[in-house]
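J.: So here's start_36.cif, just mmCIF, C-alpha atoms:
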data_upload
#
loop_
_atom_site.label_atom_id
_atom_site.label_comp_id
_atom_site.auth_asym_id
_atom_site.auth_seq_id
_atom_site.Cartn_x
_atom_site.Cartn_y
_atom_site.Cartn_z
CA MET A 1321 -9.32 65.24 -82.00
CA ASN A 1322 -11.80 63.91 -79.42
CA ARG A 1323 -14.66 63.98 -81.91
CA TYR A 1324 -12.75 61.76 -84.33
CA VAL A 1325 -11.76 59.30 -81.62
CA PHE A 1326 -15.38 59.05 -80.51
CA GLU A 1327 -16.60 58.55 -84.08
CA PHE A 1328 -14.06 55.77 -84.51
CA ILE A 1329 -15.07 54.03 -81.27
CA GLY A 1330 -18.80 54.26 -81.94
CA THR A 1331 -18.54 53.11 -85.56
CA PHE A 1332 -16.15 50.32 -84.61
CA PHE A 1333 -18.54 48.83 -82.08
CA LEU A 1334 -21.45 49.10 -84.50
CA VAL A 1335 -19.67 47.24 -87.32
CA PHE A 1336 -18.07 44.80 -84.87
CA THR A 1337 -21.48 43.94 -83.44
CA VAL A 1338 -22.95 43.50 -86.92
CA GLY A 1339 -20.24 40.98 -87.74
CA MET A 1340 -20.32 39.13 -84.43
CA VAL A 1341 -24.08 38.58 -84.36
CA SER A 1342 -24.51 37.95 -88.08
CA ILE A 1343 -21.67 35.49 -88.81
CA ASP A 1344 -22.39 32.10 -87.24
CA PRO A 1345 -24.23 33.95 -84.46
CA ALA A 1346 -24.61 32.56 -80.96
CA VAL A 1347 -27.89 34.49 -80.64
CA PRO A 1348 -31.13 32.88 -81.86
CA ASP A 1349 -32.39 33.64 -85.35
CA GLY A 1350 -34.17 36.96 -85.55
CA PHE A 1351 -32.38 38.56 -82.60
CA ALA A 1352 -29.46 40.10 -84.50
CA PRO A 1353 -31.39 43.32 -85.39
CA ILE A 1354 -32.10 43.87 -81.69
CA ALA A 1355 -28.39 43.70 -80.83
CA ILE A 1356 -27.48 45.96 -83.75
CA GLY A 1357 -30.16 48.55 -83.01
CA THR A 1358 -29.22 48.53 -79.34
CA ILE A 1359 -25.47 49.00 -79.84
CA LEU A 1360 -26.20 51.85 -82.24
CA ALA A 1361 -28.46 53.53 -79.69
CA VAL A 1362 -26.07 53.22 -76.76
CA MET A 1363 -23.05 54.32 -78.80
CA ILE A 1364 -24.99 57.36 -80.00
CA PHE A 1365 -25.80 58.23 -76.39
CA ALA A 1366 -22.13 57.71 -75.49
CA THR A 1367 -20.63 59.73 -78.34
CA GLY A 1368 -23.32 62.27 -79.19
CA HIS A 1369 -22.14 64.94 -76.77
CA ILE A 1370 -18.64 64.93 -78.29
CA SER A 1371 -18.94 64.04 -81.98
CA GLY A 1372 -22.67 64.18 -82.63
CA GLY A 1373 -22.78 60.38 -82.79
CA HIS A 1374 -23.01 60.08 -86.58
CA LEU A 1375 -21.29 56.65 -86.83
CA ASN A 1376 -22.34 56.55 -90.49
CA PRO A 1377 -20.98 58.41 -93.56
CA ALA A 1378 -24.52 58.84 -94.93
CA VAL A 1379 -25.56 60.56 -91.70
CA THR A 1380 -22.48 62.78 -91.82
CA LEU A 1381 -23.36 63.75 -95.40
CA GLY A 1382 -26.88 64.66 -94.32
CA VAL A 1383 -25.62 66.66 -91.34
CA PHE A 1384 -23.16 68.48 -93.63
CA ILE A 1385 -25.88 69.44 -96.13
CA ARG A 1386 -28.10 70.43 -93.20
CA GLY A 1387 -25.32 72.83 -92.19
CA LYS A 1388 -24.23 71.47 -88.82
CA ILE A 1389 -20.70 70.37 -89.76
CA SER A 1390 -18.02 71.84 -92.01
CA LEU A 1391 -16.74 70.06 -95.12
CA ASN A 1392 -13.29 69.59 -93.55
CA HIS A 1393 -14.73 67.92 -90.46
CA ALA A 1394 -17.14 65.86 -92.58
CA ALA A 1395 -14.30 64.56 -94.75
CA ILE A 1396 -12.31 63.46 -91.70
CA TYR A 1397 -15.45 61.84 -90.25
CA TRP A 1398 -15.84 59.81 -93.46
CA VAL A 1399 -12.25 58.60 -93.30
CA VAL A 1400 -12.51 57.72 -89.61
CA GLN A 1401 -15.85 55.93 -90.00
CA LEU A 1402 -14.67 53.84 -92.95
CA LEU A 1403 -11.40 53.04 -91.18
CA ALA A 1404 -13.36 51.92 -88.13
CA GLY A 1405 -15.40 49.62 -90.36
CA VAL A 1406 -12.24 48.05 -91.76
CA VAL A 1407 -10.65 47.58 -88.33
CA ALA A 1408 -13.86 46.10 -86.92
CA ALA A 1409 -14.00 43.62 -89.80
CA LEU A 1410 -10.40 42.56 -89.14
CA VAL A 1411 -11.09 42.05 -85.44
CA VAL A 1412 -14.17 39.96 -86.23
CA GLY A 1413 -11.96 37.90 -88.55
CA LEU A 1414 -9.55 37.27 -85.68
CA MET A 1415 -12.34 36.21 -83.32
CA LYS A 1416 -14.28 34.28 -85.95
CA PRO A 1417 -11.58 32.91 -88.29
CA ALA A 1418 -14.17 30.79 -90.14
CA LEU A 1419 -15.70 33.67 -92.06
CA PRO A 1420 -18.44 32.73 -94.55
CA ALA A 1421 -17.04 30.80 -97.50
CA SER A 1422 -19.59 32.50 -99.73
CA THR A 1423 -21.33 35.84 -99.29
CA GLN A 1424 -24.26 35.77 -96.89
CA VAL A 1425 -26.08 38.33 -99.03
CA GLY A 1426 -25.00 37.44 -102.54
CA SER A 1427 -27.62 37.25 -105.25
CA ILE A 1428 -30.00 40.18 -104.81
CA ASP A 1429 -32.52 41.93 -106.98
CA VAL A 1430 -30.75 45.20 -107.75
CA VAL A 1431 -33.87 47.36 -108.02
CA SER A 1432 -35.49 46.00 -104.85
CA ALA A 1433 -32.26 46.15 -102.85
CA PHE A 1434 -31.47 49.67 -104.04
CA LEU A 1435 -34.95 50.83 -103.07
CA ALA A 1436 -34.74 49.10 -99.69
CA GLU A 1437 -31.38 50.70 -98.88
CA PHE A 1438 -32.50 54.11 -100.10
CA LEU A 1439 -35.77 54.11 -98.15
CA PHE A 1440 -34.43 53.03 -94.79
CA THR A 1441 -31.23 55.06 -95.04
CA PHE A 1442 -33.48 58.02 -95.81
CA ALA A 1443 -35.57 57.15 -92.75
CA LEU A 1444 -32.43 56.86 -90.62
CA VAL A 1445 -30.93 60.20 -91.69
CA PHE A 1446 -34.35 61.86 -91.51
CA VAL A 1447 -34.77 60.68 -87.92
CA VAL A 1448 -31.23 61.74 -86.97
CA LEU A 1449 -31.71 65.25 -88.33
CA ASN A 1450 -35.06 65.70 -86.63
CA VAL A 1451 -34.31 64.24 -83.22
CA ALA A 1452 -30.63 65.18 -82.86
CA THR A 1453 -30.19 68.47 -84.76
CA ALA A 1454 -33.55 70.28 -84.86
CA LYS A 1455 -34.08 73.24 -82.54
CA ALA A 1456 -37.55 72.01 -81.58
CA THR A 1457 -36.17 68.74 -80.20
CA ASP A 1458 -32.98 70.13 -78.70
CA GLY A 1459 -32.04 68.51 -75.39
CA ASN A 1460 -34.40 65.54 -75.69
CA SER A 1461 -33.53 62.31 -73.88
CA TYR A 1462 -34.70 59.83 -76.50
CA PHE A 1463 -32.62 60.63 -79.60
CA GLY A 1464 -30.40 57.55 -79.32
CA TRP A 1465 -33.30 55.12 -79.04
CA ALA A 1466 -35.19 56.78 -81.88
CA ILE A 1467 -32.17 56.31 -84.16
CA GLY A 1468 -31.37 52.78 -82.97
CA PHE A 1469 -34.96 51.62 -83.37
CA THR A 1470 -35.03 52.97 -86.92
CA VAL A 1471 -32.20 50.61 -87.83
CA LEU A 1472 -33.83 47.76 -85.90
CA VAL A 1473 -37.11 48.18 -87.77
CA GLY A 1474 -35.30 48.56 -91.10
CA ALA A 1475 -33.35 45.34 -90.52
CA TYR A 1476 -36.56 43.42 -89.87
CA ALA A 1477 -38.44 45.07 -92.73
CA VAL A 1478 -35.93 44.79 -95.58
CA GLY A 1479 -33.05 42.72 -94.23
CA GLY A 1480 -34.16 39.81 -96.38
CA ILE A 1481 -34.03 42.00 -99.48
CA SER A 1482 -30.77 43.94 -99.15
CA GLY A 1483 -29.19 42.75 -95.92
CA GLY A 1484 -30.38 45.86 -94.07
CA VAL A 1485 -27.12 47.80 -94.23
CA PHE A 1486 -28.07 51.53 -94.27
CA ASN A 1487 -24.46 52.58 -93.62
CA PRO A 1488 -21.43 52.75 -95.95
CA ALA A 1489 -19.08 51.78 -93.09
CA VAL A 1490 -21.16 48.65 -92.48
CA ALA A 1491 -21.20 47.94 -96.23
CA LEU A 1492 -17.40 48.16 -96.38
CA GLY A 1493 -16.79 46.16 -93.21
CA GLY A 1494 -19.42 43.60 -94.18
CA SER A 1495 -17.85 43.14 -97.60
CA ILE A 1496 -14.47 42.47 -95.97
CA MET A 1497 -16.18 39.89 -93.71
CA ASN A 1498 -17.74 38.28 -96.81
CA MET A 1499 -21.24 39.16 -95.65
CA PHE A 1500 -21.94 41.15 -98.83
CA ALA A 1501 -20.67 40.64 -102.37
CA TRP A 1502 -18.05 43.17 -103.45
CA SER A 1503 -19.87 43.44 -106.76
CA ASN A 1504 -22.82 44.97 -104.91
CA ILE A 1505 -20.96 47.56 -102.85
CA TRP A 1506 -21.72 50.29 -105.39
CA LEU A 1507 -25.42 49.69 -104.82
CA TYR A 1508 -25.13 50.21 -101.07
CA LEU A 1509 -22.93 53.29 -101.34
CA VAL A 1510 -24.97 55.04 -104.03
CA ALA A 1511 -28.36 54.29 -102.47
CA GLN A 1512 -27.23 55.28 -98.97
CA LEU A 1513 -25.49 58.52 -99.95
CA LEU A 1514 -28.38 59.59 -102.18
CA ALA A 1515 -30.73 58.92 -99.27
CA GLY A 1516 -28.60 61.09 -96.99
CA VAL A 1517 -28.78 63.94 -99.48
CA ALA A 1518 -32.54 63.56 -99.94
CA ALA A 1519 -33.22 63.50 -96.19
CA ALA A 1520 -31.12 66.61 -95.66
CA TYR A 1521 -33.00 68.59 -98.30
CA VAL A 1522 -36.36 67.47 -96.92
CA PHE A 1523 -35.21 68.68 -93.50
CA ARG A 1524 -34.07 72.01 -94.92
CA PHE A 1525 -37.38 72.46 -96.73
CA ALA A 1526 -39.34 71.80 -93.53
CA HIS A 1527 -37.05 73.94 -91.33
CA PRO A 1528 -36.21 77.04 -93.39
CA GLY A 1529 -35.21 78.96 -90.27
CA GLU A 1530 -32.43 76.50 -89.46
#
Could you express the structure from this file as structure tokens?
T.:
Amino acid sequence: MNRYVFEFIGTFFLVFTVGMVSIDPAVPDGFAPIAIGTILAVMIFATGHISGGHLNPAVTLGVFIRGKISLNHAAIYWVVQLLAGVVAALVVGLMKPALPASTQVGSIDVVSAFLAEFLFTFALVFVVLNVATAKATDGNSYFGWAIGFTVLVGAYAVGGISGGVFNPAVALGGSIMNMFAWSNIWLYLVAQLLAGVAAAYVFRFAHPGE
């Protein structure tokens, strides 16, 4: 049970931070990715020793295909992570009752946004698998920052194209907070989950002994 509680807590604070710094933010323009990358890193450090610090259904899918978690545990992780995204969105709504009247990321180019979400979700899952699950990097002290900085860089690089989501729990929570259009949620989910699968198979190809 501890692993599920930790996944909920870590995912909650990630989605909560995304909402708080992105909706009428008190932080200056351009600083939101720093807050988001940092909370992801510290929550991974805080939860990694119990749950693995996935905090992202796409990461859990990659870890499952990589062979480090069973299907039963993965399925519960997905439920917990998505639930945490919903709860975080509701709490943001209580603290910021004036949610955006129109979606912050509404009209997007489907091809460009799909590619952006696929590429940086791939990068994220690829980094997670290599710094947090590979035998060669076992016990390192930098895994949380490597993962957090991947999201930070992705948000700066393609945030203007897709919103820089890279996480189905963030896509769900963000849609509830009216950050993303519900009509685009399929794009985020498909691109992110496909990226998790692709990253896992690249890892397996490069690490046949694992």
J.: Neighbourhood query: residues within 8 Å of (-17.3, 44.8, -93.2), file coordinates, counting only C-alpha atoms; return as a VMD selection string.
T.: chain A and resid 1335 1339 1405 to 1406 1408 to 1409 1489 to 1499
J.: Quick one: pull the distance between atom CA of Phe1440 of chain A and atom CA of Ala1475 of chain A, Å, one decimal.
T.: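 About the pair atom CA of Phe1440 of chain A and atom CA of Ala1475 of chain A: they are 8.9 Å apart.
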J.: For this structure, which residues satisfy the selection - the PyMOL selection byres ((chain A and resi 1343) around 9) - when it is evaluated on the file as given? I want them as a list in words.
T.: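 Applied to this file, the PyMOL selection byres ((chain A and resi 1343) around 9) returns Val1338, Gly1339, Met1340, Val1341, Ser1342, Asp1344, Pro1345, Ala1346, Lys1416, Ala1418, Leu1419, Pro1420, Gln1424, Met1497 and Met1499 of chain A.
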J.: Which is closest to Thr1337 of chain A among A:Val1411, A:Ala1395, A:Ile1385, A:Val1447, if we use all atoms listed in the file?
T.: A:Val1411
J.: So the first atom is atom CA of Gly1468 of chain A and the second is atom CA of Phe1500 of chain A; what is the distance between them in Å, to one decimal place?
T.: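 About the pair atom CA of Gly1468 of chain A and atom CA of Phe1500 of chain A: they are 21.8 Å apart.
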J.: Counting all atoms listed in the file, figure out which residue out of A:Leu1507, A:Ala1515, A:Ala1366, A:Ala1361 gets nearest to Val1430 of chain A.
T.: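 Closest residue, counting all atoms listed in the file: A:Leu1507.
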J.: Ranking A:Tyr1508, A:Phe1384, A:Tyr1476, A:Tyr1397 by minimum distance to Thr1453 of chain A and counting all atoms listed in the file, which one comes first?
T.: A:Phe1384
J.: Excluding Ile1329 of chain A and residues on its chain fewer than 6 positions from it, collect all residues at most 10 Å away from it, counting only C-alpha atoms, and give them as a PyMOL selection string.
T.: chain A and resi 1323+1363+1366-1367+1375+1400-1401+1404+1408
J.: Counting all atoms listed in the file, which residues have an atom no more than 10 Å from (-36.1, 53.3, -96.7) in the file's coordinates? Please list them as a list in words.
T.: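 Checked against the point, the hits come out as Phe1434, Leu1435, Ala1436, Glu1437, Phe1438, Leu1439, Phe1440, Thr1441, Phe1442, Ala1443, Leu1444, Val1445, Thr1470, Gly1474, Ala1477, Val1478, Gly1484, Phe1486, Ala1511, Gln1512 and Ala1515 of chain A.
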